[in-house]
file model-v7.pdb (PDB, C-alpha atoms)
ATOM      1  CA  MET A   1      82.069 -95.790  67.120
ATOM      2  CA  LYS A   2      80.948 -92.940  65.002
ATOM      3  CA  LEU A   3      84.412 -91.394  65.167
ATOM      4  CA  LYS A   4      85.995 -94.676  64.043
ATOM      5  CA  TYR A   5      83.823 -94.845  60.899
ATOM      6  CA  SER A   6      84.545 -91.177  60.080
ATOM      7  CA  THR A   7      88.283 -91.754  60.402
ATOM      8  CA  THR A   8      88.123 -94.808  58.135
ATOM      9  CA  ILE A   9      86.165 -92.927  55.451
ATOM     10  CA  PHE A  10      88.630 -90.041  55.611
ATOM     11  CA  LEU A  11      91.582 -92.394  55.139
ATOM     12  CA  ILE A  12      89.937 -94.099  52.108
ATOM     13  CA  VAL A  13      89.075 -90.763  50.466
ATOM     14  CA  ALA A  14      92.547 -89.454  51.148
ATOM     15  CA  PHE A  15      94.149 -92.566  49.664
ATOM     16  CA  PHE A  16      92.104 -92.586  46.481
ATOM     17  CA  GLY A  17      92.164 -88.810  46.196
ATOM     18  CA  GLY A  18      95.948 -88.862  46.388
ATOM     19  CA  PHE A  19      96.063 -91.674  43.815
ATOM     20  CA  ALA A  20      93.791 -89.703  41.452
ATOM     21  CA  GLN A  21      95.886 -86.575  41.924
ATOM     22  CA  HIS A  22      99.006 -88.585  41.125
ATOM     23  CA  GLU A  23      97.359 -89.898  37.926
ATOM     24  CA  ILE A  24      96.243 -86.404  36.853
ATOM     25  CA  THR A  25      99.678 -84.935  37.571
ATOM     26  CA  ALA A  26     101.437 -87.726  35.637
ATOM     27  CA  SER A  27      99.065 -87.325  32.717
ATOM     28  CA  LEU A  28      99.549 -83.553  32.666
ATOM     29  CA  LYS A  29     103.313 -83.985  32.877
ATOM     30  CA  GLU A  30     103.273 -86.382  29.909
ATOM     31  CA  THR A  31     101.183 -83.946  27.872
ATOM     32  CA  LEU A  32     103.510 -81.046  28.639
ATOM     33  CA  GLU A  33     106.552 -83.103  27.747
ATOM     34  CA  THR A  34     105.071 -84.158  24.362
ATOM     35  CA  PRO A  35     103.271 -81.053  23.043
ATOM     36  CA  ASP A  36     103.518 -82.101  19.378
ATOM     37  CA  ARG A  37     101.911 -85.501  19.775
ATOM     38  CA  PRO A  38      99.351 -85.752  16.901
ATOM     39  CA  THR A  39      95.696 -86.132  17.663
ATOM     40  CA  LYS A  40      93.602 -88.790  16.033
ATOM     41  CA  ASN A  41      92.168 -86.297  13.513
ATOM     42  CA  ALA A  42      95.380 -84.366  12.772
ATOM     43  CA  GLN A  43      95.996 -83.503   9.082
ATOM     44  CA  GLU A  44      99.276 -83.174   7.269
ATOM     45  CA  VAL A  45      99.523 -79.835   5.466
ATOM     46  CA  VAL A  46     101.046 -79.483   1.987
ATOM     47  CA  LEU A  47     101.735 -75.964   0.701
ATOM     48  CA  VAL A  48     101.566 -75.271  -3.049
ATOM     49  CA  THR A  49     102.641 -72.098  -4.844
ATOM     50  CA  GLY A  50     103.663 -70.934  -8.308
ATOM     51  CA  VAL A  51     102.225 -69.617 -11.550
ATOM     52  CA  ARG A  52      98.809 -68.072 -11.008
ATOM     53  CA  PHE A  53      97.108 -69.057 -14.266
ATOM     54  CA  ALA A  54      97.321 -72.684 -13.124
ATOM     55  CA  TYR A  55      95.507 -72.063  -9.814
ATOM     56  CA  PRO A  56      91.962 -72.902 -11.023
ATOM     57  CA  LEU A  57      93.157 -76.265 -12.375
ATOM     58  CA  VAL A  58      95.237 -77.023  -9.278
ATOM     59  CA  GLN A  59      92.383 -76.044  -6.954
ATOM     60  CA  LYS A  60      90.129 -78.531  -8.771
ATOM     61  CA  TRP A  61      92.703 -81.233  -8.114
ATOM     62  CA  ILE A  62      93.008 -80.191  -4.469
ATOM     63  CA  ASP A  63      89.230 -80.323  -3.945
ATOM     64  CA  ASP A  64      89.006 -83.756  -5.569
ATOM     65  CA  TYR A  65      91.941 -85.084  -3.552
ATOM     66  CA  ALA A  66      90.299 -83.980  -0.296
ATOM     67  CA  ARG A  67      87.479 -86.430  -1.047
ATOM     68  CA  VAL A  68      89.812 -89.409  -1.310
ATOM     69  CA  ASN A  69      92.374 -88.484   1.355
ATOM     70  CA  GLU A  70      90.980 -86.564   4.302
ATOM     71  CA  ASN A  71      94.236 -86.920   6.236
ATOM     72  CA  VAL A  72      96.044 -84.350   4.079
ATOM     73  CA  GLN A  73      95.192 -80.684   3.672
ATOM     74  CA  ILE A  74      96.584 -79.087   0.504
ATOM     75  CA  VAL A  75      96.743 -75.291   0.567
ATOM     76  CA  VAL A  76      97.605 -72.848  -2.245
ATOM     77  CA  GLU A  77      99.881 -70.053  -1.020
ATOM     78  CA  SER A  78      99.418 -67.307  -3.609
ATOM     79  CA  ARG A  79     102.600 -66.030  -5.172
ATOM     80  CA  GLY A  80     103.362 -62.322  -4.865
ATOM     81  CA  VAL A  81     106.437 -60.586  -6.236
ATOM     82  CA  GLN A  82     108.384 -63.519  -4.792
ATOM     83  CA  ASP A  83     107.485 -67.065  -3.812
ATOM     84  CA  PRO A  84     106.341 -67.614  -0.207
ATOM     85  CA  ALA A  85     109.136 -68.411   2.239
ATOM     86  CA  LYS A  86     107.829 -71.942   2.755
ATOM     87  CA  TYR A  87     106.199 -74.329   0.289
ATOM     88  CA  ASP A  88     106.248 -78.025  -0.614
ATOM     89  CA  ILE A  89     105.212 -77.991  -4.283
ATOM     90  CA  LEU A  90     106.229 -75.387  -6.857
ATOM     91  CA  ILE A  91     104.245 -74.988 -10.095
ATOM     92  CA  GLU A  92     106.120 -73.265 -12.908
ATOM     93  CA  ALA A  93     105.390 -72.398 -16.525
ATOM     94  CA  TYR A  94     108.834 -72.277 -18.110
ATOM     95  CA  GLU A  95     111.873 -74.483 -18.170
ATOM     96  CA  PRO A  96     114.109 -74.040 -15.108
ATOM     97  CA  GLN A  97     117.845 -73.517 -15.355
ATOM     98  CA  GLU A  98     120.078 -76.543 -14.906
ATOM     99  CA  ALA A  99     121.349 -75.314 -11.530
ATOM    100  CA  GLN A 100     117.781 -75.333 -10.170
ATOM    101  CA  LYS A 101     117.211 -78.919 -11.280
ATOM    102  CA  LYS A 102     119.984 -80.394  -9.159
ATOM    103  CA  ASN A 103     118.043 -80.582  -5.905
ATOM    104  CA  ARG A 104     114.480 -80.904  -7.184
ATOM    105  CA  GLU A 105     112.397 -83.565  -8.868
ATOM    106  CA  TYR A 106     110.210 -82.452 -11.804
ATOM    107  CA  VAL A 107     107.118 -83.850 -13.466
ATOM    108  CA  TYR A 108     105.706 -82.189 -16.592
ATOM    109  CA  VAL A 109     101.945 -82.486 -16.217
ATOM    110  CA  ALA A 110     100.551 -80.317 -19.046
ATOM    111  CA  ARG A 111     101.287 -78.182 -22.079
ATOM    112  CA  TYR A 112      99.860 -74.722 -22.582
ATOM    113  CA  ALA A 113      99.645 -72.389 -25.580
ATOM    114  CA  ILE A 114     100.097 -68.615 -25.713
ATOM    115  CA  LEU A 115      98.080 -66.759 -28.344
ATOM    116  CA  PRO A 116      97.872 -63.167 -29.589
ATOM    117  CA  VAL A 117      94.680 -61.414 -28.488
ATOM    118  CA  ALA A 118      93.006 -58.037 -28.851
ATOM    119  CA  ASN A 119      90.119 -56.064 -27.443
ATOM    120  CA  SER A 120      87.155 -57.182 -29.546
ATOM    121  CA  GLN A 121      86.157 -53.551 -30.177
ATOM    122  CA  SER A 122      89.550 -52.557 -31.590
ATOM    123  CA  ALA A 123      89.911 -51.915 -35.288
ATOM    124  CA  PHE A 124      93.095 -53.991 -35.213
ATOM    125  CA  GLY A 125      91.259 -56.884 -33.561
ATOM    126  CA  LYS A 126      88.414 -56.790 -36.070
ATOM    127  CA  THR A 127      90.832 -56.720 -39.013
ATOM    128  CA  TYR A 128      93.297 -59.377 -37.895
ATOM    129  CA  SER A 129      90.833 -61.764 -36.274
ATOM    130  CA  ASP A 130      89.883 -62.331 -39.913
ATOM    131  CA  LYS A 131      93.236 -61.918 -41.685
ATOM    132  CA  GLY A 132      95.318 -63.533 -38.965
ATOM    133  CA  LEU A 133      99.000 -62.992 -38.208
ATOM    134  CA  ASP A 134     102.007 -64.615 -39.821
ATOM    135  CA  LYS A 135     105.464 -64.738 -38.247
ATOM    136  CA  ASP A 136     106.734 -61.514 -39.847
ATOM    137  CA  LEU A 137     103.680 -59.550 -38.748
ATOM    138  CA  ILE A 138     103.910 -60.888 -35.198
ATOM    139  CA  ARG A 139     107.515 -59.774 -34.981
ATOM    140  CA  GLN A 140     106.644 -56.360 -36.438
ATOM    141  CA  VAL A 141     103.664 -55.736 -34.136
ATOM    142  CA  TYR A 142     105.038 -56.992 -30.836
ATOM    143  CA  PHE A 143     108.805 -56.485 -30.804
ATOM    144  CA  HIS A 144     111.526 -53.883 -31.006
ATOM    145  CA  ASP A 145     113.693 -55.506 -33.665
ATOM    146  CA  MET A 146     116.877 -53.624 -34.425
ATOM    147  CA  TYR A 147     117.641 -55.978 -37.322
ATOM    148  CA  ALA A 148     114.285 -55.632 -39.063
ATOM    149  CA  ASP A 149     114.156 -54.280 -42.589
ATOM    150  CA  LYS A 150     112.054 -51.185 -41.980
ATOM    151  CA  GLU A 151     111.519 -50.569 -45.696
ATOM    152  CA  ASN A 152     109.744 -53.894 -46.120
ATOM    153  CA  GLU A 153     107.509 -53.587 -43.065
ATOM    154  CA  ARG A 154     103.813 -53.795 -43.784
ATOM    155  CA  LYS A 155     101.609 -50.775 -43.372
ATOM    156  CA  ILE A 156      99.108 -51.252 -40.562
ATOM    157  CA  LYS A 157      96.221 -48.820 -40.879
ATOM    158  CA  SER A 158      94.396 -49.859 -37.720
ATOM    159  CA  PRO A 159      95.632 -48.158 -34.534
ATOM    160  CA  TYR A 160      96.694 -50.464 -31.713
ATOM    161  CA  THR A 161      98.382 -50.380 -28.321
ATOM    162  CA  ILE A 162     100.500 -53.308 -27.131
ATOM    163  CA  TYR A 163     100.144 -54.383 -23.485
ATOM    164  CA  THR A 164     102.615 -56.673 -21.745
ATOM    165  CA  ARG A 165     103.655 -57.922 -18.310
ATOM    166  CA  LEU A 166     105.979 -55.839 -16.145
ATOM    167  CA  GLN A 167     107.487 -58.618 -14.012
ATOM    168  CA  ARG A 168     109.595 -61.466 -15.299
ATOM    169  CA  ALA A 169     107.111 -64.308 -15.650
ATOM    170  CA  GLY A 170     106.289 -67.458 -17.573
ATOM    171  CA  SER A 171     104.026 -66.035 -20.287
ATOM    172  CA  PRO A 172     106.280 -63.195 -21.500
ATOM    173  CA  ILE A 173     109.398 -65.362 -21.213
ATOM    174  CA  VAL A 174     107.869 -68.130 -23.310
ATOM    175  CA  PHE A 175     106.192 -65.787 -25.822
ATOM    176  CA  THR A 176     109.306 -63.720 -26.480
ATOM    177  CA  GLY A 177     111.719 -66.647 -26.432
ATOM    178  CA  TYR A 178     109.737 -68.514 -29.067
ATOM    179  CA  PHE A 179     110.183 -65.673 -31.555
ATOM    180  CA  GLY A 180     113.861 -65.176 -30.730
ATOM    181  CA  PHE A 181     113.581 -62.203 -28.364
ATOM    182  CA  GLU A 182     113.737 -61.448 -24.652
ATOM    183  CA  GLN A 183     111.052 -59.940 -22.444
ATOM    184  CA  LYS A 184     112.777 -56.532 -22.561
ATOM    185  CA  ASP A 185     112.265 -56.445 -26.341
ATOM    186  CA  LEU A 186     108.466 -56.306 -26.117
ATOM    187  CA  LYS A 187     106.815 -53.072 -27.160
ATOM    188  CA  GLY A 188     104.036 -51.337 -25.323
ATOM    189  CA  LYS A 189     102.640 -50.552 -21.908
ATOM    190  CA  THR A 190     103.748 -52.714 -19.012
ATOM    191  CA  ILE A 191     101.193 -53.986 -16.502
ATOM    192  CA  ALA A 192     102.119 -55.038 -12.971
ATOM    193  CA  GLY A 193     100.620 -58.229 -11.622
ATOM    194  CA  SER A 194      99.560 -61.527 -13.158
ATOM    195  CA  ASP A 195      98.178 -62.623 -16.534
ATOM    196  CA  GLU A 196      94.715 -61.902 -15.152
ATOM    197  CA  HIS A 197      95.733 -58.268 -14.566
ATOM    198  CA  LEU A 198      97.005 -58.088 -18.139
ATOM    199  CA  LEU A 199      93.637 -59.403 -19.343
ATOM    200  CA  LYS A 200      91.800 -56.689 -17.402
ATOM    201  CA  ALA A 201      94.018 -53.999 -18.952
ATOM    202  CA  VAL A 202      93.237 -55.291 -22.455
ATOM    203  CA  LEU A 203      89.507 -55.252 -21.751
ATOM    204  CA  ARG A 204      89.658 -51.626 -20.589
ATOM    205  CA  ASP A 205      91.347 -50.245 -23.732
ATOM    206  CA  SER A 206      89.534 -50.483 -27.071
ATOM    207  CA  THR A 207      92.886 -50.281 -28.914
ATOM    208  CA  ALA A 208      94.576 -53.003 -26.853
ATOM    209  CA  VAL A 209      96.561 -55.907 -28.295
ATOM    210  CA  SER A 210      98.431 -58.465 -26.200
ATOM    211  CA  TYR A 211      99.158 -62.185 -25.671
ATOM    212  CA  LEU A 212      97.730 -64.597 -23.087
ATOM    213  CA  PRO A 213      97.765 -68.282 -22.131
ATOM    214  CA  LEU A 214      94.858 -70.264 -23.523
ATOM    215  CA  SER A 215      93.548 -70.932 -20.013
ATOM    216  CA  VAL A 216      93.152 -67.187 -19.328
ATOM    217  CA  ILE A 217      91.562 -66.324 -22.680
ATOM    218  CA  TYR A 218      88.415 -68.429 -22.258
ATOM    219  CA  ASP A 219      85.447 -68.372 -19.927
ATOM    220  CA  ARG A 220      85.243 -71.958 -18.642
ATOM    221  CA  ALA A 221      81.455 -71.769 -18.219
ATOM    222  CA  THR A 222      80.680 -70.748 -21.809
ATOM    223  CA  LYS A 223      83.849 -72.175 -23.455
ATOM    224  CA  ARG A 224      84.052 -68.944 -25.438
ATOM    225  CA  PRO A 225      86.648 -66.166 -25.258
ATOM    226  CA  VAL A 226      86.089 -63.842 -22.303
ATOM    227  CA  ASN A 227      83.528 -61.205 -23.248
ATOM    228  CA  GLY A 228      85.375 -58.285 -24.862
ATOM    229  CA  LEU A 229      88.340 -60.381 -26.049
ATOM    230  CA  VAL A 230      89.141 -61.801 -29.470
ATOM    231  CA  VAL A 231      91.850 -64.300 -30.452
ATOM    232  CA  LEU A 232      94.035 -63.423 -33.447
ATOM    233  CA  PRO A 233      94.616 -66.635 -35.451
ATOM    234  CA  VAL A 234      98.149 -67.397 -36.607
ATOM    235  CA  ASP A 235      99.824 -69.102 -39.543
ATOM    236  CA  LEU A 236     100.181 -72.616 -38.122
ATOM    237  CA  ASN A 237     101.836 -74.239 -41.133
ATOM    238  CA  ASP A 238     104.113 -71.233 -41.744
ATOM    239  CA  ASN A 239     103.160 -70.818 -45.411
ATOM    240  CA  GLY A 240     102.785 -67.051 -45.130
ATOM    241  CA  ARG A 241      99.000 -66.852 -44.862
ATOM    242  CA  VAL A 242      96.215 -67.848 -42.466
ATOM    243  CA  SER A 243      93.650 -70.164 -44.024
ATOM    244  CA  ASP A 244      90.148 -70.890 -42.794
ATOM    245  CA  ASP A 245      91.151 -74.214 -41.242
ATOM    246  CA  GLU A 246      93.579 -72.291 -38.991
ATOM    247  CA  LYS A 247      90.734 -70.246 -37.484
ATOM    248  CA  PHE A 248      89.247 -72.349 -34.705
ATOM    249  CA  TYR A 249      89.420 -70.161 -31.619
ATOM    250  CA  ASP A 250      85.723 -69.457 -31.100
ATOM    251  CA  ASN A 251      85.419 -72.391 -28.686
ATOM    252  CA  LEU A 252      87.813 -73.644 -25.992
ATOM    253  CA  THR A 253      87.141 -77.332 -26.575
ATOM    254  CA  ARG A 254      87.782 -76.967 -30.289
ATOM    255  CA  ALA A 255      90.936 -74.904 -29.761
ATOM    256  CA  VAL A 256      92.409 -77.443 -27.322
ATOM    257  CA  GLU A 257      91.518 -80.324 -29.641
ATOM    258  CA  LYS A 258      93.062 -78.692 -32.730
ATOM    259  CA  LEU A 259      96.253 -77.576 -30.996
ATOM    260  CA  GLY A 260      96.572 -80.850 -29.112
ATOM    261  CA  GLN A 261      96.406 -82.967 -32.266
ATOM    262  CA  GLN A 262      99.925 -81.978 -33.258
ATOM    263  CA  ARG A 263     103.238 -82.351 -31.530
ATOM    264  CA  SER A 264     104.798 -79.159 -30.227
ATOM    265  CA  LYS A 265     107.579 -79.182 -32.829
ATOM    266  CA  ASP A 266     105.042 -79.359 -35.688
ATOM    267  CA  LEU A 267     103.078 -76.227 -34.711
ATOM    268  CA  ASN A 268     104.325 -72.901 -36.045
ATOM    269  CA  ASN A 269     103.845 -69.445 -34.513
ATOM    270  CA  VAL A 270     102.183 -70.800 -31.360
ATOM    271  CA  PRO A 271     104.484 -70.712 -28.337
ATOM    272  CA  LEU A 272     103.908 -73.961 -26.438
ATOM    273  CA  GLU A 273     105.472 -74.742 -23.087
ATOM    274  CA  TYR A 274     105.080 -77.151 -20.210
ATOM    275  CA  LEU A 275     103.458 -76.662 -16.858
ATOM    276  CA  HIS A 276     105.462 -78.630 -14.314
ATOM    277  CA  PHE A 277     105.331 -79.522 -10.645
ATOM    278  CA  SER A 278     108.554 -79.787  -8.695
ATOM    279  CA  VAL A 279     109.480 -80.835  -5.182
ATOM    280  CA  ASP A 280     112.654 -80.791  -3.156
ATOM    281  CA  ARG A 281     114.104 -84.293  -3.124
ATOM    282  CA  ASN A 282     113.759 -84.356   0.676
ATOM    283  CA  VAL A 283     110.167 -83.138   0.591
ATOM    284  CA  ASN A 284     107.207 -84.139   2.741
ATOM    285  CA  PRO A 285     106.030 -87.546   1.383
ATOM    286  CA  ALA A 286     102.429 -86.282   1.420
ATOM    287  CA  ALA A 287     103.356 -83.765  -1.305
ATOM    288  CA  VAL A 288     104.851 -86.509  -3.460
ATOM    289  CA  GLU A 289     101.771 -88.677  -2.978
ATOM    290  CA  PHE A 290      99.487 -85.841  -4.122
ATOM    291  CA  ILE A 291     101.479 -85.346  -7.330
ATOM    292  CA  ARG A 292     101.511 -89.088  -7.939
ATOM    293  CA  TRP A 293      97.708 -89.146  -7.569
ATOM    294  CA  VAL A 294      97.358 -86.252 -10.047
ATOM    295  CA  VAL A 295      99.553 -87.968 -12.633
ATOM    296  CA  ASP A 296      97.691 -91.269 -12.260
ATOM    297  CA  ASN A 297      94.122 -89.945 -12.127
ATOM    298  CA  LYS A 298      93.564 -86.308 -13.083
ATOM    299  CA  LEU A 299      95.163 -85.433 -16.428
ATOM    300  CA  GLY A 300      91.720 -85.862 -17.989
ATOM    301  CA  ASP A 301      90.798 -82.492 -16.450
ATOM    302  CA  LEU A 302      93.347 -80.561 -18.522
ATOM    303  CA  SER A 303      91.226 -79.681 -21.557
ATOM    304  CA  ASP A 304      88.390 -78.180 -19.493
ATOM    305  CA  PHE A 305      90.866 -75.667 -18.085
ATOM    306  CA  GLY A 306      92.580 -74.801 -21.382
ATOM    307  CA  PHE A 307      95.633 -77.056 -21.125
ATOM    308  CA  LEU A 308      96.941 -79.639 -23.578
ATOM    309  CA  GLN A 309      97.968 -83.186 -22.747
ATOM    310  CA  PRO A 310     101.697 -83.671 -22.125
ATOM    311  CA  GLU A 311     103.641 -85.692 -24.645
ATOM    312  CA  PRO A 312     104.342 -89.114 -23.052
ATOM    313  CA  GLU A 313     108.117 -88.871 -23.233
ATOM    314  CA  LYS A 314     108.064 -85.467 -21.532
ATOM    315  CA  LEU A 315     105.679 -86.552 -18.787
ATOM    316  CA  ASN A 316     107.998 -89.523 -18.151
ATOM    317  CA  LYS A 317     105.560 -91.093 -15.726
ATOM    318  CA  GLU A 318     107.855 -94.039 -15.009
ATOM    319  CA  LYS A 319     110.695 -91.796 -13.835
ATOM    320  CA  PHE A 320     108.472 -89.927 -11.402
ATOM    321  CA  GLU A 321     106.931 -93.170 -10.141
ATOM    322  CA  GLN A 322     110.400 -94.491  -9.349
ATOM    323  CA  PHE A 323     111.141 -91.328  -7.372
ATOM    324  CA  ALA A 324     107.752 -91.434  -5.606
ATOM    325  CA  SER A 325     108.008 -95.078  -4.614
ATOM    326  CA  GLN A 326     111.186 -94.320  -2.677
ATOM    327  CA  ARG A 327     109.608 -91.490  -0.709
ATOM    328  CA  THR A 328     106.112 -92.665   0.132
ATOM    329  CA  PRO A 329     104.961 -95.511   2.364
TER     330      PRO A 329
END
call {"tool": "encode", "arguments": {"input": "model-v7.pdb", "output": "structure tokens"}}
result
Amino acid sequence: MKLKYSTTIFLIVAFFGGFAQHEITASLKETLETPDRPTKNAQEVVLVTGVRFAYPLVQKWIDDYARVNENVQIVVESRGVQDPAKYDILIEAYEPQEAQKKNREYVYVARYAILPVANSQSAFGKTYSDKGLDKDLIRQVYFHDMYADKENERKIKSPYTIYTRLQRAGSPIVFTGYFGFEQKDLKGKTIAGSDEHLLKAVLRDSTAVSYLPLSVIYDRATKRPVNGLVVLPVDLNDNGRVSDDEKFYDNLTRAVEKLGQQRSKDLNNVPLEYLHFSVDRNVNPAAVEFIRWVVDNKLGDLSDFGFLQPEPEKLNKEKFEQFASQRTP
């Protein structure tokens, strides 16, 4: 009798044990055959790269977006000499060539200004932060101009050393192009790296003079120019002199307000260009949705980071919305 019960128990255990083993094996097989099946908490990843002086602004947008959409992780891949091999969103600071535009969608989210600057201890900086620079003096100070009339050049008593970027980049391209030159025409010492590296070089040399985007010039905490730097005001109405109402660079908020009050075409001697986002037309929809959210909700952050509002016709919000609506759920 005892043996009969033992045999029955063995058969039941064997049956259910075999059934459980079958279930485990089937489950394991299914897992191995579908290794990329997303988990409940999986996040889509969007990679962003491009011009470095926009990173603080873009990181603010990324942090804010994470609070409203936890299913997407946006990551900045810092640009080196070249762009990373893989990215979803490209941020650039100068107008792309027509060939580049064919396969990408662009949205122009902000304007930025480039201003002449100097080390605040330099004799040149002390003199011309008061006198200011007109167009002729800018061309004389910054550029090798083979067509300039050397006999009519102004005498500059204060010693100065021009610093500029080594690599082809947005700031030197925009600054030189505005005044009718190319980056190779800039005078001075070339500095490898980003606009932030150029700033550090200017702060180290008491004779230094250069140019920088508004967003790099100012300390966002104090709203004043970075300690050791002075902005050189320019002749905004192009009448040949710099008046007191053209000297408003002691405060970031005031500078953005004054420059932003006028359309780009009405400002003289201030190179203005657009910061734009672009995506491949077959891009990850999550990247498009992030840009759409920025355009709809976050352009109010621009002034705090030294950027100007885009002109409505250049932003062309309706065009981007039409593109976005076809590529997002």
call {"tool": "resolve_selection", "arguments": {"input": "model-v7.pdb", "expression": "the PyMOL selection byres ((chain A and resi 111) around 6)", "output": "short mmCIF file (atom, residue, chain, number, x, y, z; two decimals) with C-alpha atoms, in the coordinates of the input"}}
result
data_model
loop_
_atom_site.label_atom_id
_atom_site.label_comp_id
_atom_site.auth_asym_id
_atom_site.auth_seq_id
_atom_site.Cartn_x
_atom_site.Cartn_y
_atom_site.Cartn_z
CA ALA A 110 100.55 -80.32 -19.05
CA TYR A 112 99.86 -74.72 -22.58
CA GLU A 273 105.47 -74.74 -23.09
CA TYR A 274 105.08 -77.15 -20.21
CA LEU A 275 103.46 -76.66 -16.86
CA PHE A 307 95.63 -77.06 -21.12
CA LEU A 308 96.94 -79.64 -23.58
CA PRO A 310 101.70 -83.67 -22.12
#
call {"tool": "residues_around", "arguments": {"input": "model-v7.pdb", "residues": "A:Val45", "least_positions_apart": "4", "cutoff": "6 Å", "atoms": "only C-alpha atoms", "output": "VMD selection string"}}
result
chain A and resid 72 to 74
call {"tool": "closest_residue", "arguments": {"input": "model-v7.pdb", "among": "A:Glu44, A:Ala286, A:Asn269, A:Leu186", "to": "A:Asp235", "atoms": "only C-alpha atoms"}}
result
A:Asn269
call {"tool": "closest_residue", "arguments": {"input": "model-v7.pdb", "among": "A:Asn239, A:Gln183, A:Gln326, A:Asn227", "to": "A:Ala118", "atoms": "all atoms listed in the file"}}
result
A:Asn227
call {"tool": "atom_distance", "arguments": {"input": "model-v7.pdb", "atom1": "atom CA of A:Ser206", "atom2": "atom CA of A:Val117"}}
result
12.2 Å
call {"tool": "closest_residue", "arguments": {"input": "model-v7.pdb", "among": "A:Val242, A:Leu203, A:Val107, A:Val209", "to": "A:Val226", "atoms": "only C-alpha atoms"}}
result
A:Leu203
call {"tool": "residues_around", "arguments": {"input": "model-v7.pdb", "residues": "A:Tyr94", "least_positions_apart": "5", "cutoff": "12 Å", "atoms": "all atoms listed in the file", "output": "count of residues only"}}
result
25
call {"tool": "residues_around", "arguments": {"input": "model-v7.pdb", "residues": "A:Asp301", "least_positions_apart": "5", "cutoff": "9 Å", "atoms": "only C-alpha atoms", "output": "JSON, numbers by chain"}}
result
{"A": [57, 60, 61, 307]}
